[in-house]
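Here is the file input_21.txt (compact mmCIF, C-alpha atoms).
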# COMPACT_ATOMS: atom_id res chain seq x y z
CA SER A 86 38.36 107.54 120.35
CA ALA A 87 39.16 110.45 118.07
CA VAL A 88 36.76 112.69 116.20
CA ILE A 89 38.07 113.97 112.90
CA SER A 90 36.71 116.78 110.77
CA GLN A 91 37.77 117.70 107.27
CA LYS A 92 37.33 120.87 105.25
CA PRO A 93 36.02 121.23 102.65
CA SER A 94 33.60 118.31 102.54
CA ARG A 95 33.50 118.57 98.77
CA ASP A 96 34.74 120.82 96.01
CA ILE A 97 34.69 121.17 92.26
CA CYS A 98 37.90 122.57 90.82
CA GLN A 99 39.35 123.47 87.46
CA ARG A 100 42.32 121.59 86.08
CA GLY A 101 45.67 123.20 86.77
CA THR A 102 44.59 124.66 90.10
CA SER A 103 45.43 123.47 93.63
CA LEU A 104 43.26 122.61 96.60
CA THR A 105 44.27 122.39 100.25
CA ILE A 106 42.32 119.98 102.45
CA GLN A 107 42.33 120.50 106.19
CA CYS A 108 42.13 117.78 108.83
CA GLN A 109 41.36 118.64 112.44
CA VAL A 110 41.40 116.09 115.29
CA ASP A 111 39.79 116.62 118.69
CA SER A 112 42.75 115.13 120.56
CA GLN A 113 46.50 115.00 120.21
CA VAL A 114 47.66 112.13 118.05
CA THR A 115 51.07 110.94 116.98
CA MET A 116 50.47 109.44 113.59
CA MET A 117 48.29 110.86 110.87
CA PHE A 118 47.66 109.37 107.46
CA TRP A 119 46.24 110.64 104.18
CA TYR A 120 44.38 108.28 101.86
CA ARG A 121 42.82 108.56 98.43
CA GLN A 122 39.81 106.59 97.28
CA GLN A 123 39.10 106.74 93.59
CA PRO A 124 35.56 106.02 92.39
CA GLY A 125 34.59 102.40 93.04
CA GLN A 126 38.00 101.55 94.43
CA SER A 127 39.56 100.73 97.76
CA LEU A 128 41.63 103.18 99.79
CA THR A 129 45.20 103.93 98.77
CA LEU A 130 47.64 105.38 101.28
CA ILE A 131 49.25 108.59 100.06
CA ALA A 132 51.54 109.42 102.96
CA THR A 133 52.19 109.24 106.68
CA ALA A 134 52.51 112.57 108.47
CA ASN A 135 54.07 112.69 111.92
CA GLN A 136 54.44 115.96 113.76
CA GLY A 137 57.96 117.32 113.70
CA SER A 138 59.19 115.29 110.76
CA GLU A 139 58.85 115.22 107.02
CA ALA A 140 55.93 113.26 105.62
CA THR A 141 56.71 109.79 104.27
CA TYR A 142 55.18 109.17 100.85
CA GLU A 143 54.10 105.84 99.42
CA SER A 144 55.26 104.61 96.06
CA GLY A 145 53.62 106.59 93.27
CA PHE A 146 53.04 109.72 95.33
CA VAL A 147 55.44 112.68 95.49
CA ILE A 148 55.74 115.75 97.64
CA ASP A 149 55.53 118.18 94.72
CA LYS A 150 52.08 116.85 93.83
CA PHE A 151 50.77 116.24 97.36
CA PRO A 152 52.56 118.54 99.81
CA ILE A 153 51.60 117.88 103.42
CA SER A 154 51.93 120.01 106.52
CA ARG A 155 51.72 118.80 110.10
CA PRO A 156 52.27 121.85 112.31
CA ASN A 157 50.99 120.29 115.55
CA LEU A 158 49.46 117.14 117.04
CA THR A 159 45.86 117.98 116.13
CA PHE A 160 46.06 119.38 112.61
CA SER A 161 47.31 118.57 109.14
CA THR A 162 46.78 119.72 105.57
CA LEU A 163 47.07 117.93 102.25
CA THR A 164 47.39 119.96 99.07
CA VAL A 165 46.51 118.49 95.70
CA SER A 166 48.60 120.51 93.25
CA ASN A 167 48.20 121.19 89.56
CA MET A 168 45.06 119.11 89.46
CA SER A 169 43.86 117.01 86.56
CA PRO A 170 40.61 115.04 86.18
CA GLU A 171 42.52 111.91 87.32
CA ASP A 172 42.78 113.51 90.75
CA SER A 173 39.01 113.31 91.18
CA SER A 174 38.69 111.18 94.30
CA ILE A 175 37.70 111.16 97.92
CA TYR A 176 40.59 112.18 100.16
CA LEU A 177 40.50 110.89 103.72
CA CYS A 178 42.46 111.82 106.80
CA SER A 179 43.10 109.16 109.42
CA VAL A 180 44.77 109.00 112.81
CA ALA A 181 46.11 106.26 115.04
CA GLY A 182 48.25 105.74 118.08
CA GLN A 183 51.51 103.89 117.86
CA GLY A 184 51.55 100.15 117.90
CA GLY A 185 49.73 97.56 115.87
CA TYR A 186 47.03 97.11 118.48
CA ASN A 187 45.53 100.58 118.22
CA GLU A 188 42.48 101.21 116.13
CA GLN A 189 42.61 103.84 113.45
CA PHE A 190 40.00 106.53 113.01
CA PHE A 191 38.95 108.09 109.75
CA GLY A 192 37.54 111.44 108.81
CA PRO A 193 34.44 111.80 106.65
CA GLY A 194 36.48 112.52 103.56
CA THR A 195 36.70 115.34 101.04
CA ARG A 196 35.07 114.63 97.71
CA LEU A 197 37.06 116.33 94.96
CA THR A 198 35.92 116.68 91.38
CA VAL A 199 38.31 118.14 88.83
CA LEU A 200 36.88 119.41 85.57
CA ASP B 171 53.49 94.47 103.55
CA ALA B 172 51.85 91.16 104.40
CA LYS B 173 48.84 90.59 102.18
CA THR B 174 45.35 89.31 102.84
CA THR B 175 42.93 87.50 100.55
CA GLN B 176 39.18 87.94 100.84
CA PRO B 177 36.23 86.95 98.66
CA ASN B 178 35.06 89.83 96.50
CA SER B 179 31.46 89.59 97.66
CA MET B 180 29.11 87.71 99.95
CA GLU B 181 25.38 87.68 100.56
CA SER B 182 23.46 87.16 103.75
CA ASN B 183 19.89 87.22 104.93
CA GLU B 184 18.84 89.66 107.59
CA GLU B 185 19.05 88.37 111.17
CA GLU B 186 21.25 85.43 110.17
CA PRO B 187 24.92 85.03 111.16
CA VAL B 188 27.59 86.00 108.66
CA HIS B 189 31.09 84.55 108.50
CA LEU B 190 33.56 86.65 106.52
CA PRO B 191 36.81 84.77 105.81
CA CYS B 192 40.29 86.18 105.38
CA ASN B 193 43.50 84.40 104.45
CA HIS B 194 46.86 85.82 105.50
CA SER B 195 49.38 83.03 105.04
CA THR B 196 52.41 85.35 105.16
CA ILE B 197 51.50 86.93 108.49
CA SER B 198 54.44 87.68 110.77
CA GLY B 199 54.56 87.14 114.50
CA THR B 200 54.07 90.82 115.29
CA ASP B 201 51.19 91.50 112.87
CA TYR B 202 47.83 92.27 114.36
CA ILE B 203 44.72 91.29 112.39
CA HIS B 204 42.42 94.27 111.98
CA TRP B 205 38.96 94.46 110.47
CA TYR B 206 37.40 97.65 109.23
CA ARG B 207 34.23 98.28 107.33
CA GLN B 208 33.11 101.07 105.06
CA LEU B 209 29.44 101.90 104.84
CA PRO B 210 28.26 103.63 101.66
CA SER B 211 29.43 107.25 101.41
CA GLN B 212 31.35 107.10 104.71
CA GLY B 213 34.93 106.72 105.83
CA PRO B 214 36.03 103.32 107.13
CA GLU B 215 35.22 102.43 110.71
CA TYR B 216 37.02 100.07 113.04
CA VAL B 217 35.30 96.76 113.74
CA ILE B 218 37.66 94.56 115.72
CA HIS B 219 41.26 93.41 115.96
CA GLY B 220 43.25 90.59 117.49
CA LEU B 221 46.66 88.99 117.70
CA THR B 222 46.32 85.32 118.62
CA SER B 223 43.20 84.72 120.68
CA ASN B 224 39.60 85.01 119.58
CA VAL B 225 38.06 88.38 120.36
CA ASN B 226 34.54 89.59 120.97
CA ASN B 227 33.09 93.07 121.11
CA ARG B 228 29.68 94.65 120.72
CA MET B 229 29.95 94.72 116.94
CA ALA B 230 31.39 91.33 116.07
CA SER B 231 33.61 88.38 116.93
CA LEU B 232 36.99 87.55 115.47
CA ALA B 233 38.04 83.93 115.22
CA ILE B 234 41.76 83.44 114.55
CA ALA B 235 43.16 80.14 113.36
CA GLU B 236 45.72 78.47 115.59
CA ASP B 237 48.47 78.98 112.99
CA ARG B 238 47.24 82.58 112.45
CA LYS B 239 47.20 82.09 108.69
CA SER B 240 43.50 82.80 108.47
CA SER B 241 40.75 84.50 110.41
CA THR B 242 37.00 84.92 110.27
CA LEU B 243 34.91 87.93 111.16
CA ILE B 244 31.57 86.87 112.57
CA LEU B 245 28.52 89.08 112.59
CA HIS B 246 26.10 87.25 114.84
CA ARG B 247 22.88 88.68 113.42
CA ALA B 248 23.21 90.65 110.24
CA THR B 249 21.09 93.76 109.84
CA LEU B 250 20.54 95.87 106.75
CA ARG B 251 22.90 98.43 108.27
CA ASP B 252 25.71 95.87 108.11
CA ALA B 253 25.77 96.07 104.31
CA ALA B 254 29.25 97.43 103.66
CA VAL B 255 32.71 96.64 102.35
CA TYR B 256 34.68 94.71 104.98
CA TYR B 257 38.45 94.95 104.98
CA CYS B 258 40.80 92.48 106.65
CA ILE B 259 44.15 94.17 107.22
CA LEU B 260 47.40 93.15 108.87
CA ARG B 261 48.94 95.90 110.90
CA GLY B 262 52.37 95.67 112.42
CA PHE B 263 54.74 98.19 113.86
CA ASP B 264 58.39 98.55 113.18
CA SER B 265 60.70 101.38 112.31
CA SER B 266 59.84 101.16 108.62
CA ASN B 267 56.16 100.32 108.88
CA THR B 268 54.92 103.01 111.32
CA GLY B 269 51.72 101.00 111.84
CA LYS B 270 50.08 102.12 108.62
CA LEU B 271 47.02 100.33 107.28
CA ILE B 272 47.22 99.04 103.73
CA PHE B 273 43.78 98.30 102.32
CA GLY B 274 43.04 95.48 99.90
CA GLN B 275 39.84 95.21 97.88
CA GLY B 276 37.77 93.84 100.75
CA THR B 277 34.53 91.86 100.73
CA THR B 278 31.31 93.59 99.74
CA LEU B 279 28.58 92.23 101.99
CA GLN B 280 25.01 92.40 100.78
CA VAL B 281 22.27 91.83 103.34
CA LYS B 282 18.88 90.82 102.03
CA PRO B 283 15.68 91.47 103.98
For the structure just supplied, provide its representation as structure tokens.
Amino acid sequence: SAVISQKPSRDICQRGTSLTIQCQVDSQVTMMFWYRQQPGQSLTLIATANQGSEATYESGFVIDKFPISRPNLTFSTLTVSNMSPEDSSIYLCSVAGQGGYNEQFFGPGTRLTVL
Amino acid sequence: DAKTTQPNSMESNEEEPVHLPCNHSTISGTDYIHWYRQLPSQGPEYVIHGLTSNVNNRMASLAIAEDRKSSTLILHRATLRDAAVYYCILRGFDSSNTGKLIFGQGTTLQVKP
């Protein structure tokens, strides 16, 4: 199993500012994912972040808005840039091993409110 | 990505079995069937997964149809703590997929005392 922590757990930000969310895993993992969950909705995958390569973004998400760093096998950051109220969501970090048979583990999420 | 279809919501009585259905008619031969659940105010948690054969673990059982076009998550005795959104997800791995999980809307399970 993998234990994931995220910082901050929640934040309230002003529009136009940026917030960097940290994800720390207690073991080395290959694949890391960032999700967004808007109020009352399901999870939407933002990007896949593998160590040593550029993050792969899903349709509708761009690097300028959600830059991601993955400096090693236990840590990643997601920045939400130039925030607007529409960015108010829960952002979740997730990790998995390679292969379709491996379970995926999720962090507790970061609850972001943009005013 | 192969899609799944689940009922929006289901109700169950406490201590009774619950059968949560999932249709995945476009499943490919290398797709694993994963189930996750999300309790209120928490991140999703893994429940069970399988490929072809039925699977059991301490949380639940997974019954997979012979043609793999549908599956059923079985909670043998529902408790109030099982009230959550249950997601049925197909997860494969190839050079373009990278094993990512794509969430649908899931089934909201309500458990009544």
If we count all atoms listed in the file, which residues of chain A reach to within 12 Å of chain B? Please list them as a PyMOL selection string. chain A and resi 86-91+94+115-122+124-135+140-143+175-196
C-alpha atoms of the current selection, written as a PDB file, in the frame of the given file:
ATOM      1  CA  SER A  86      38.360 107.540 120.350  1.00  0.00           C
ATOM      2  CA  ALA A  87      39.160 110.450 118.070  1.00  0.00           C
ATOM      3  CA  VAL A  88      36.760 112.690 116.200  1.00  0.00           C
ATOM      4  CA  ILE A  89      38.070 113.970 112.900  1.00  0.00           C
ATOM      5  CA  SER A  90      36.710 116.780 110.770  1.00  0.00           C
ATOM      6  CA  GLN A  91      37.770 117.700 107.270  1.00  0.00           C
ATOM      7  CA  SER A  94      33.600 118.310 102.540  1.00  0.00           C
ATOM      8  CA  THR A 115      51.070 110.940 116.980  1.00  0.00           C
ATOM      9  CA  MET A 116      50.470 109.440 113.590  1.00  0.00           C
ATOM     10  CA  MET A 117      48.290 110.860 110.870  1.00  0.00           C
ATOM     11  CA  PHE A 118      47.660 109.370 107.460  1.00  0.00           C
ATOM     12  CA  TRP A 119      46.240 110.640 104.180  1.00  0.00           C
ATOM     13  CA  TYR A 120      44.380 108.280 101.860  1.00  0.00           C
ATOM     14  CA  ARG A 121      42.820 108.560  98.430  1.00  0.00           C
ATOM     15  CA  GLN A 122      39.810 106.590  97.280  1.00  0.00           C
ATOM     16  CA  PRO A 124      35.560 106.020  92.390  1.00  0.00           C
ATOM     17  CA  GLY A 125      34.590 102.400  93.040  1.00  0.00           C
ATOM     18  CA  GLN A 126      38.000 101.550  94.430  1.00  0.00           C
ATOM     19  CA  SER A 127      39.560 100.730  97.760  1.00  0.00           C
ATOM     20  CA  LEU A 128      41.630 103.180  99.790  1.00  0.00           C
ATOM     21  CA  THR A 129      45.200 103.930  98.770  1.00  0.00           C
ATOM     22  CA  LEU A 130      47.640 105.380 101.280  1.00  0.00           C
ATOM     23  CA  ILE A 131      49.250 108.590 100.060  1.00  0.00           C
ATOM     24  CA  ALA A 132      51.540 109.420 102.960  1.00  0.00           C
ATOM     25  CA  THR A 133      52.190 109.240 106.680  1.00  0.00           C
ATOM     26  CA  ALA A 134      52.510 112.570 108.470  1.00  0.00           C
ATOM     27  CA  ASN A 135      54.070 112.690 111.920  1.00  0.00           C
ATOM     28  CA  ALA A 140      55.930 113.260 105.620  1.00  0.00           C
ATOM     29  CA  THR A 141      56.710 109.790 104.270  1.00  0.00           C
ATOM     30  CA  TYR A 142      55.180 109.170 100.850  1.00  0.00           C
ATOM     31  CA  GLU A 143      54.100 105.840  99.420  1.00  0.00           C
ATOM     32  CA  ILE A 175      37.700 111.160  97.920  1.00  0.00           C
ATOM     33  CA  TYR A 176      40.590 112.180 100.160  1.00  0.00           C
ATOM     34  CA  LEU A 177      40.500 110.890 103.720  1.00  0.00           C
ATOM     35  CA  CYS A 178      42.460 111.820 106.800  1.00  0.00           C
ATOM     36  CA  SER A 179      43.100 109.160 109.420  1.00  0.00           C
ATOM     37  CA  VAL A 180      44.770 109.000 112.810  1.00  0.00           C
ATOM     38  CA  ALA A 181      46.110 106.260 115.040  1.00  0.00           C
ATOM     39  CA  GLY A 182      48.250 105.740 118.080  1.00  0.00           C
ATOM     40  CA  GLN A 183      51.510 103.890 117.860  1.00  0.00           C
ATOM     41  CA  GLY A 184      51.550 100.150 117.900  1.00  0.00           C
ATOM     42  CA  GLY A 185      49.730  97.560 115.870  1.00  0.00           C
ATOM     43  CA  TYR A 186      47.030  97.110 118.480  1.00  0.00           C
ATOM     44  CA  ASN A 187      45.530 100.580 118.220  1.00  0.00           C
ATOM     45  CA  GLU A 188      42.480 101.210 116.130  1.00  0.00           C
ATOM     46  CA  GLN A 189      42.610 103.840 113.450  1.00  0.00           C
ATOM     47  CA  PHE A 190      40.000 106.530 113.010  1.00  0.00           C
ATOM     48  CA  PHE A 191      38.950 108.090 109.750  1.00  0.00           C
ATOM     49  CA  GLY A 192      37.540 111.440 108.810  1.00  0.00           C
ATOM     50  CA  PRO A 193      34.440 111.800 106.650  1.00  0.00           C
ATOM     51  CA  GLY A 194      36.480 112.520 103.560  1.00  0.00           C
ATOM     52  CA  THR A 195      36.700 115.340 101.040  1.00  0.00           C
ATOM     53  CA  ARG A 196      35.070 114.630  97.710  1.00  0.00           C
TER      54      ARG A 196
END
One decimal, Å: what's the distance from atom CA of B:Glu185 over to atom CA of B:Ile234, could you say? 23.5 Å
Quick check, in Å to one decimal: how far apart do atom CA of B:Cys192 and atom CA of B:Thr278 lie?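 For atom CA of B:Cys192 relative to atom CA of B:Thr278, the distance reads 12.9 Å.
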List as a PyMOL selection string the protein and nucleic acid residues near stretch 249-252 of chain B, meaning an atom at most 10 Å away when all atoms listed in the file are counted, but skip any in the same chain fewer than 6 places from it. chain B and resi 182-187+207-210+229+279-283
Saved selection, atoms kept: C-alpha atoms, as a JSON list (two decimals), in the frame of the given file:
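New file selection_30.json:
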[["chain", "number", "residue", "atom", "x", "y", "z"],
["B", 182, "SER", "CA", 23.46, 87.16, 103.75],
["B", 183, "ASN", "CA", 19.89, 87.22, 104.93],
["B", 184, "GLU", "CA", 18.84, 89.66, 107.59],
["B", 185, "GLU", "CA", 19.05, 88.37, 111.17],
["B", 186, "GLU", "CA", 21.25, 85.43, 110.17],
["B", 187, "PRO", "CA", 24.92, 85.03, 111.16],
["B", 207, "ARG", "CA", 34.23, 98.28, 107.33],
["B", 208, "GLN", "CA", 33.11, 101.07, 105.06],
["B", 209, "LEU", "CA", 29.44, 101.90, 104.84],
["B", 210, "PRO", "CA", 28.26, 103.63, 101.66],
["B", 229, "MET", "CA", 29.95, 94.72, 116.94],
["B", 279, "LEU", "CA", 28.58, 92.23, 101.99],
["B", 280, "GLN", "CA", 25.01, 92.40, 100.78],
["B", 281, "VAL", "CA", 22.27, 91.83, 103.34],
["B", 282, "LYS", "CA", 18.88, 90.82, 102.03],
["B", 283, "PRO", "CA", 15.68, 91.47, 103.98]]
In Å to one decimal, how far is atom CA of B:Ser198 from atom CA of B:Ser240?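 Separating atom CA of B:Ser240 from atom CA of B:Ser198 is a distance of 12.2 Å.
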Write out as a PyMOL selection string which residues come within 10 Å of A:Val199 when counting all atoms listed in the file, dropping same-chain ones fewer than 2 positions away. chain A and resi 96-102+168-174+197
Choose the residue, out of A:Gly137, A:Gly145, A:Pro152, A:Pro93, that has the smallest atom-to-atom separation from A:Val165; count all atoms listed in the file. A:Pro152
Give the padded box for stretch 96-111 of chain A as lines of an AutoDock Vina configuration file: axis-aligned, covering all atoms listed in the file, 6 Å on each side, centre and edge lengths in Å to one decimal.
center_x = 40.2
center_y = 120.4
center_z = 102.4
size_x = 23.0
size_y = 20.6
size_z = 44.6
